[in-house]
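Participant: This is the content of my_file.txt (compact mmCIF, C-alpha atoms):
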```txt
# COMPACT_ATOMS: atom_id res chain seq x y z
CA MET R 1 92.23 147.64 110.23
CA LYS R 2 94.11 150.91 109.78
CA VAL R 3 92.78 154.41 110.00
CA LEU R 4 93.04 156.31 106.74
CA HIS R 5 91.54 159.63 107.73
CA GLN R 6 89.47 161.15 110.48
CA SER R 7 87.33 164.25 110.29
CA GLN R 8 84.99 165.81 112.85
CA PHE R 9 82.17 163.27 112.28
CA PHE R 10 83.62 160.44 110.19
CA ILE R 11 86.51 157.97 110.17
CA SER R 12 87.71 155.85 107.24
CA TYR R 13 89.63 152.59 107.61
CA GLN R 14 91.34 150.17 105.28
CA CYS R 15 91.24 146.45 105.98
CA ASP R 16 93.97 144.60 104.07
CA LYS R 17 92.65 141.18 105.05
CA GLN R 18 89.18 141.79 103.61
CA ARG R 19 90.50 144.05 100.86
CA SER R 20 87.80 146.52 101.84
CA PHE R 21 87.22 149.92 103.33
CA PHE R 22 85.13 150.85 106.32
CA ILE R 23 83.55 154.17 107.16
CA LYS R 24 82.46 154.99 110.67
CA PHE R 25 79.46 157.31 110.69
CA PRO R 26 78.19 158.74 113.99
CA HIS R 27 75.60 155.96 114.39
CA LYS R 28 77.00 153.02 112.41
CA THR R 29 79.99 151.64 110.54
CA ILE R 30 79.65 150.33 107.00
CA LYS R 31 81.87 148.19 104.78
CA LEU R 32 82.62 149.29 101.22
CA GLY R 33 84.38 147.73 98.27
CA PHE R 34 86.61 150.05 96.24
CA CYS R 35 83.93 150.63 93.58
CA GLN R 36 81.44 151.48 96.30
CA LEU R 37 83.93 153.91 97.79
CA LEU R 38 84.33 155.52 94.37
CA ALA R 39 80.55 155.76 94.03
CA PHE R 40 80.33 157.34 97.49
CA ARG R 41 83.03 159.82 96.55
CA GLN R 42 81.08 160.79 93.42
CA GLN R 43 77.90 161.35 95.41
CA VAL R 44 79.73 163.53 97.90
CA LYS R 45 81.39 165.48 95.09
CA GLU R 46 77.95 166.22 93.64
CA ILE R 47 76.72 167.81 96.88
CA ASP R 48 76.15 171.48 96.13
CA LEU R 49 77.13 173.28 99.32
CA GLU R 50 76.29 176.67 97.86
CA ALA R 51 72.66 175.56 97.63
CA HIS R 52 72.63 175.22 101.42
CA PHE R 53 73.35 178.93 101.78
CA ASN R 54 71.56 180.60 98.87
CA GLY R 55 68.11 179.24 99.71
CA GLU R 56 67.94 176.61 96.94
CA ASN R 57 68.30 173.82 99.48
CA SER R 58 66.10 175.40 102.12
CA HIS R 59 65.87 172.34 104.38
CA GLY R 60 69.68 172.06 104.47
CA MET R 61 69.69 168.28 104.15
CA GLU R 62 71.54 165.88 101.88
CA MET R 63 70.30 162.34 101.34
CA LEU R 64 72.71 159.69 100.09
CA MET R 65 72.15 156.02 99.37
CA LEU R 66 75.19 153.79 99.48
CA CYS R 67 76.22 150.27 98.52
CA ASN R 68 73.38 149.40 96.16
CA ARG R 69 70.81 151.06 98.40
CA GLN R 70 71.80 149.02 101.46
CA HIS R 71 72.36 152.18 103.47
CA PHE R 72 70.55 155.46 103.56
CA PHE R 73 72.04 158.56 105.14
CA VAL R 74 70.76 162.02 105.87
CA PHE R 75 73.31 164.73 106.51
CA ASN R 76 72.80 168.30 107.66
CA THR R 77 74.82 171.24 106.38
CA VAL R 78 77.64 170.95 108.93
CA GLU R 79 77.97 167.22 108.28
CA SER R 80 77.89 167.78 104.51
CA ILE R 81 80.78 170.27 104.75
CA ASP R 82 82.69 167.80 106.90
CA LEU R 83 81.87 164.94 104.50
CA LYS R 84 83.48 166.76 101.59
CA GLU R 85 86.64 167.36 103.59
CA PHE R 86 86.54 163.76 104.80
CA ILE R 87 86.38 162.26 101.29
CA THR R 88 89.15 164.53 100.02
CA GLY R 89 91.30 163.57 103.00
CA THR R 90 90.60 159.85 102.61
CA PHE R 91 91.59 159.82 98.94
CA ALA R 92 94.64 161.96 99.65
CA MET R 93 95.76 159.34 102.18
CA LEU R 94 95.11 156.55 99.69
CA GLU R 95 97.21 158.36 97.10
CA LEU R 96 99.96 158.91 99.64
CA ASN R 97 99.89 155.21 100.43
CA SER R 98 100.14 154.38 96.70
CA LEU R 99 103.17 156.65 96.38
CA LEU R 100 104.84 155.12 99.42
CA THR R 101 104.13 151.57 98.24
CA ALA R 102 105.47 152.34 94.77
CA SER R 103 108.66 153.86 96.16
CA VAL R 104 109.48 150.84 98.38
CA MET T 1 99.42 148.82 104.43
CA LYS T 2 98.52 147.29 101.06
CA ASP T 3 97.89 149.51 98.07
CA LEU T 4 94.28 148.41 97.59
CA VAL T 5 93.59 151.26 95.18
CA ARG T 6 96.25 150.02 92.79
CA GLN T 7 95.00 146.45 93.15
CA LYS T 8 91.52 147.53 92.07
CA LEU T 9 92.25 150.39 89.70
CA SER T 10 94.76 150.54 86.83
CA ILE T 11 94.31 154.25 86.24
CA HIS T 12 94.83 157.27 88.47
CA VAL T 13 91.71 158.49 90.32
CA ASP T 14 92.18 162.08 89.10
CA VAL T 15 92.52 160.81 85.53
CA MET T 16 89.34 158.78 86.02
CA ASP T 17 87.54 161.99 87.02
CA LEU T 18 88.78 163.76 83.89
CA LEU T 19 87.75 160.78 81.74
CA ASN T 20 84.26 161.00 83.24
CA LYS T 21 84.23 164.70 82.35
CA GLN T 22 85.31 163.73 78.84
CA ILE T 23 82.35 161.33 78.65
CA GLU T 24 80.05 164.28 79.41
CA LYS T 25 81.70 166.33 76.67
CA GLU T 26 81.41 163.55 74.08
CA ALA T 27 77.76 163.00 75.04
CA HIS T 28 77.05 166.71 74.71
CA SER T 29 78.86 166.75 71.40
CA SER T 30 76.76 163.81 70.14
CA SER T 31 73.54 165.61 71.12
CA ALA T 32 74.71 168.87 69.57
CA TYR T 33 75.34 167.08 66.25
CA LEU T 34 71.90 165.53 66.47
CA ALA T 35 70.39 169.02 66.81
CA MET T 36 72.41 170.13 63.78
CA ALA T 37 71.18 167.11 61.81
CA SER T 38 67.62 168.01 62.70
CA TRP T 39 68.10 171.60 61.50
CA CYS T 40 69.55 170.34 58.21
CA ASP T 41 66.66 167.91 57.77
CA HIS T 42 64.15 170.72 58.27
CA ASN T 43 65.94 172.88 55.73
CA ALA T 44 66.07 170.25 52.97
CA LEU T 45 69.82 169.74 53.31
CA SER T 46 69.65 165.97 53.39
CA ASN T 47 73.34 165.24 52.75
CA SER T 48 74.40 167.55 55.55
CA ALA T 49 71.76 165.97 57.76
CA ASP T 50 73.17 162.51 57.05
CA PHE T 51 76.67 163.82 57.76
CA PHE T 52 75.62 165.13 61.18
CA TYR T 53 73.63 161.98 62.03
CA GLU T 54 76.79 160.00 61.36
CA GLN T 55 78.86 162.51 63.29
CA SER T 56 76.51 162.18 66.27
CA ALA T 57 76.84 158.38 66.21
CA GLU T 58 80.63 158.72 66.08
CA GLU T 59 80.71 160.96 69.14
CA ARG T 60 78.61 158.43 71.00
CA GLU T 61 81.10 155.72 69.98
CA HIS T 62 83.90 157.88 71.40
CA MET T 63 81.94 158.26 74.60
CA MET T 64 81.36 154.51 74.85
CA LYS T 65 85.04 153.81 74.22
CA ILE T 66 85.98 155.93 77.24
CA PHE T 67 83.08 154.55 79.26
CA LYS T 68 84.23 150.96 78.70
CA TYR T 69 87.86 151.88 79.32
CA ILE T 70 87.08 153.28 82.78
CA ASN T 71 85.02 150.27 83.81
CA ASP T 72 87.43 147.73 82.30
CA ASN T 73 90.21 149.21 84.39
CA GLY T 74 88.38 149.03 87.69
CA GLY T 75 86.99 152.55 87.78
CA THR T 76 83.40 153.72 87.78
CA ALA T 77 82.05 155.38 84.67
CA PHE T 78 79.06 157.63 85.21
CA SER T 79 76.27 157.98 82.69
CA PRO T 80 76.23 161.65 81.67
CA GLU T 81 73.41 164.14 81.81
CA VAL T 82 73.11 166.30 78.73
CA GLY T 83 71.68 169.79 78.84
CA ASN T 84 71.85 173.09 76.98
CA VAL T 85 71.75 171.73 73.45
CA ASN T 86 71.37 174.54 70.93
CA HIS T 87 68.80 173.92 68.19
CA ASP T 88 68.77 177.39 66.64
CA PHE T 89 71.11 178.25 63.80
CA LYS T 90 71.13 181.02 61.24
CA SER T 91 72.72 179.09 58.41
CA LEU T 92 74.53 175.90 57.40
CA GLU T 93 77.78 177.82 57.52
CA GLU T 94 77.15 178.72 61.15
CA ILE T 95 76.50 175.05 61.85
CA PHE T 96 79.84 173.95 60.42
CA GLU T 97 81.62 176.78 62.23
CA THR T 98 80.01 175.67 65.49
CA ALA T 99 80.97 172.08 64.70
CA LEU T 100 84.60 173.08 64.15
CA ASP T 101 84.64 175.05 67.43
CA GLN T 102 83.19 172.03 69.16
CA GLU T 103 85.88 169.73 67.75
CA ILE T 104 88.61 172.20 68.75
CA ALA T 105 87.23 172.24 72.31
CA ILE T 106 87.23 168.42 72.40
CA THR T 107 90.81 168.35 71.07
CA LYS T 108 91.92 170.77 73.79
CA SER T 109 90.21 168.63 76.39
CA ILE T 110 91.93 165.45 75.15
CA HIS T 111 95.31 167.24 75.13
CA ASN T 112 94.66 168.43 78.67
CA LEU T 113 93.93 164.83 79.67
CA VAL T 114 97.17 163.61 78.10
CA GLY T 115 99.02 166.35 79.98
CA LYS T 116 97.47 165.19 83.24
CA CYS T 117 98.40 161.55 82.48
CA ARG T 118 102.02 162.57 81.95
CA LYS T 119 102.04 164.55 85.18
CA LEU T 120 100.67 161.56 87.11
CA ASN T 121 102.66 158.93 85.22
CA ASP T 122 99.48 157.23 84.02
CA TYR T 123 101.05 155.72 80.90
CA THR T 124 98.17 153.28 80.36
CA THR T 125 95.66 156.07 79.81
CA GLU T 126 98.13 158.14 77.81
CA TYR T 127 98.50 155.19 75.43
CA PHE T 128 94.71 154.76 75.28
CA LEU T 129 94.29 158.44 74.38
CA GLN T 130 96.64 158.31 71.41
CA TRP T 131 93.76 157.02 69.26
CA PHE T 132 91.69 160.06 70.28
CA ILE T 133 94.46 162.47 69.35
CA GLN T 134 94.58 161.05 65.83
CA GLU T 135 90.78 160.99 65.63
CA GLN T 136 90.48 164.64 66.72
CA MET T 137 93.01 165.71 64.12
CA GLU T 138 90.87 164.05 61.45
CA GLU T 139 87.63 165.53 62.82
CA GLU T 140 89.05 169.04 62.70
CA GLN T 141 90.30 168.48 59.15
CA THR T 142 86.84 167.32 58.06
CA MET T 143 85.12 170.41 59.48
CA ARG T 144 87.73 172.69 57.93
CA ARG T 145 87.17 171.09 54.53
CA ALA T 146 83.45 171.77 54.88
CA LEU T 147 84.12 175.45 55.66
CA GLU T 148 86.46 175.67 52.67
CA LEU T 149 83.51 174.66 50.49
CA PHE T 150 81.62 177.73 51.69
CA ASP T 151 84.54 179.96 50.66
CA LEU T 152 84.76 178.20 47.31
CA MET T 153 81.12 177.87 46.34
CA GLY T 154 79.21 180.44 48.37
CA THR T 155 75.60 179.89 49.37
CA ASP T 156 73.74 182.09 46.87
CA GLY T 157 71.18 180.59 44.52
CA LEU T 158 72.01 176.99 43.75
CA GLY T 159 75.30 177.27 45.66
CA LEU T 160 73.85 175.93 48.90
CA LYS T 161 72.24 172.95 47.17
CA LEU T 162 75.47 172.13 45.31
CA LEU T 163 77.43 172.53 48.51
CA ASP T 164 75.12 170.11 50.29
CA GLU T 165 75.74 167.59 47.53
CA ARG T 166 79.49 167.87 48.12
CA ILE T 167 79.24 167.24 51.88
CA PRO T 168 79.44 163.42 51.72
CA GLN T 169 82.82 163.71 49.99
CA ILE T 170 84.51 165.60 52.81
CA ARG T 171 84.56 162.38 54.77
CA ASP T 172 85.87 160.29 51.90
CA LYS T 173 89.15 162.19 51.96
CA ARG T 174 89.96 160.82 55.41
CA PRO T 175 93.15 158.79 55.52
CA GLU T 176 92.65 155.07 56.15
```
Spit out the file's structure as structure tokens when you get a sec.

Facilitator:
Amino acid sequence: MKVLHQSQFFISYQCDKQRSFFIKFPHKTIKLGFCQLLAFRQQVKEIDLEAHFNGENSHGMEMLMLCNRQHFFVFNTVESIDLKEFITGTFAMLELNSLLTASV
Amino acid sequence: MKDLVRQKLSIHVDVMDLLNKQIEKEAHSSSAYLAMASWCDHNALSNSADFFYEQSAEEREHMMKIFKYINDNGGTAFSPEVGNVNHDFKSLEEIFETALDQEIAITKSIHNLVGKCRKLNDYTTEYFLQWFIQEQMEEEQTMRRALELFDLMGTDGLGLKLLDERIPQIRDKRPE
């Protein structure tokens, strides 16, 4: 299993053997297929960070359900900010890997 | 490290995002035409109403074409939310003007997508979008023909009724 990207709270891995991705959250690690990773990315993209600061999201929490509702996560504002950076970084690494693979 | 993304997905992730945005636009367009059809129905312009009902169905077909394309190629298509649909119009002419503006916006969006495909060497999606380029050209032509009728016939007296009767023919001129 190879590390794709690491942020303050999260780490993403790629496992060639299982053709899957893994994400290490502070309290557990979950396995995701590519479609599930895409769905996760979409959910993170839809997080409105501005709402955490303008009073719309007064509790400052984000709730995400992943992998056909197998996992349920609650993130605070700091984790949500980190999550956005983490997803961007993970997909940037995946793209870099695609470019490298294509050029070989 | 294997390129798992390429194994699972035939299109570029950024292009997939833009295609999902395009789905939202087509869905909004379909709903906007439905609102126009409703206005026409309420104002006894039955031919124009039929035209916009058909137009709405076409936009939904476009949306579904993109939706299927994303999923068929390993991506994830997201069902769009539609909001801010305008139901208030001053006249039939305003409706057709709005429709033309809407088609121009969709054309621009498709062109932007093709540009992105070229930048990212996503030839598969560029090829897929060729059909949309042709379709948008025809859609714009149809709306322009409708607006030409307003210049030609006016909307005074019986003009509006006669114009409504001519609306079904603007589609018939489409090339096969």

Participant: Could you make a table, as a Markdown table, of the residues of range 20-64 of chain R that have an atom within 9 Å of an atom of range 87-101 of chain R, each with its nearest atom pair and distance in Å to one decimal, counting only C-alpha atoms, in chain and number order?

Facilitator:
```
| residue | atom | partner | partner_atom | distance |
| --- | --- | --- | --- | --- |
| R:Phe40 | CA | R:Ile87 | CA | 8.7 |
| R:Arg41 | CA | R:Ile87 | CA | 6.3 |
| R:Val44 | CA | R:Ile87 | CA | 7.6 |
| R:Lys45 | CA | R:Ile87 | CA | 8.6 |
```

Participant: Take the residues from that selection and write them out as a PDB file, in the coordinates of the input, keeping C-alpha atoms.

Facilitator:
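result.pdb written:
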```
ATOM      1  CA  PHE R  40      80.330 157.340  97.490  1.00  0.00           C
ATOM      2  CA  ARG R  41      83.030 159.820  96.550  1.00  0.00           C
ATOM      3  CA  VAL R  44      79.730 163.530  97.900  1.00  0.00           C
ATOM      4  CA  LYS R  45      81.390 165.480  95.090  1.00  0.00           C
TER       5      LYS R  45
END
```

Participant: With all atoms listed in the file as the atoms that count, which of T:Asn47, T:Leu120, T:Thr98, T:His111 lies nearest to chain R?

Facilitator: T:Leu120

Participant: Write out as JSON, numbers by chain each polymer residue whose atoms come within 7 Å of Gln14 in chain R, counting all atoms listed in the file; drop sequence neighbours fewer than 5 positions from it.

Facilitator: {"R": [1, 2, 3, 4, 20, 21, 22]}

Participant: Could you tell me how far CA of Glu79 in chain R lies from CA of Glu81 in chain T, in Å and to one decimal?

Facilitator: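 Atom-to-atom, CA of Glu79 in chain R and CA of Glu81 in chain T are spaced 27.0 Å apart.
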
Participant: Counting only C-alpha atoms, which of T:Leu92, T:Ala44, T:Leu34, T:Leu129 gets nearest to Gly154 in chain T?

Facilitator: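 Nearest candidate to Gly154 in chain T out of T:Leu92, T:Ala44, T:Leu34, T:Leu129: T:Leu92.
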
Participant: Would you list the residues near (83.0, 147.0, 93.6), meaning any protein, DNA or RNA residue with an atom at most 10 Å from that point in file coordinates, counting all atoms listed in the file, as a PyMOL selection string?

Facilitator: (chain R and resi 20+32-39+67) or (chain T and resi 8+74-76)

Participant: Please check which residues have atoms at most 9 Å from (71.5, 168.2, 56.2) in the file's coordinates, counting only C-alpha atoms, and write them as a list of chain:residue names.

Facilitator: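 Those residues lying close to the given coordinates are T:Met36, T:Ala37, T:Ser38, T:Trp39, T:Cys40, T:Asp41, T:His42, T:Asn43, T:Ala44, T:Leu45, T:Ser46, T:Asn47, T:Ser48, T:Ala49, T:Asp50, T:Phe51, T:Phe52, T:Tyr53, T:Leu92, T:Asp164, T:Ile167.
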
Participant: If the cut-off is 12 Å, can you tell me the residues of chain T near chain R, counting only C-alpha atoms? I'd like them as a PyMOL selection string.

Facilitator: chain T and resi 1-14+16-17+20+70-71+73-78+120-121

Participant: Rank nothing, just name the residue among T:Lys68, T:Asn86, T:Glu138, T:Val15 nearest to Tyr123 in chain T, using all atoms listed in the file.

Facilitator: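 Among T:Lys68, T:Asn86, T:Glu138, T:Val15, it is T:Val15 that comes nearest to Tyr123 in chain T.
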
Participant: If I wrap all listed atoms of range 89-107 of chain T in a box with edges along x, y and z and add 8 Å on each side, what are its centre and edge lengths in Å to one decimal, as lines of an AutoDock Vina configuration file?

Facilitator:
```
center_x = 81.0
center_y = 174.7
center_z = 64.9
size_x = 35.7
size_y = 28.7
size_z = 31.0
```
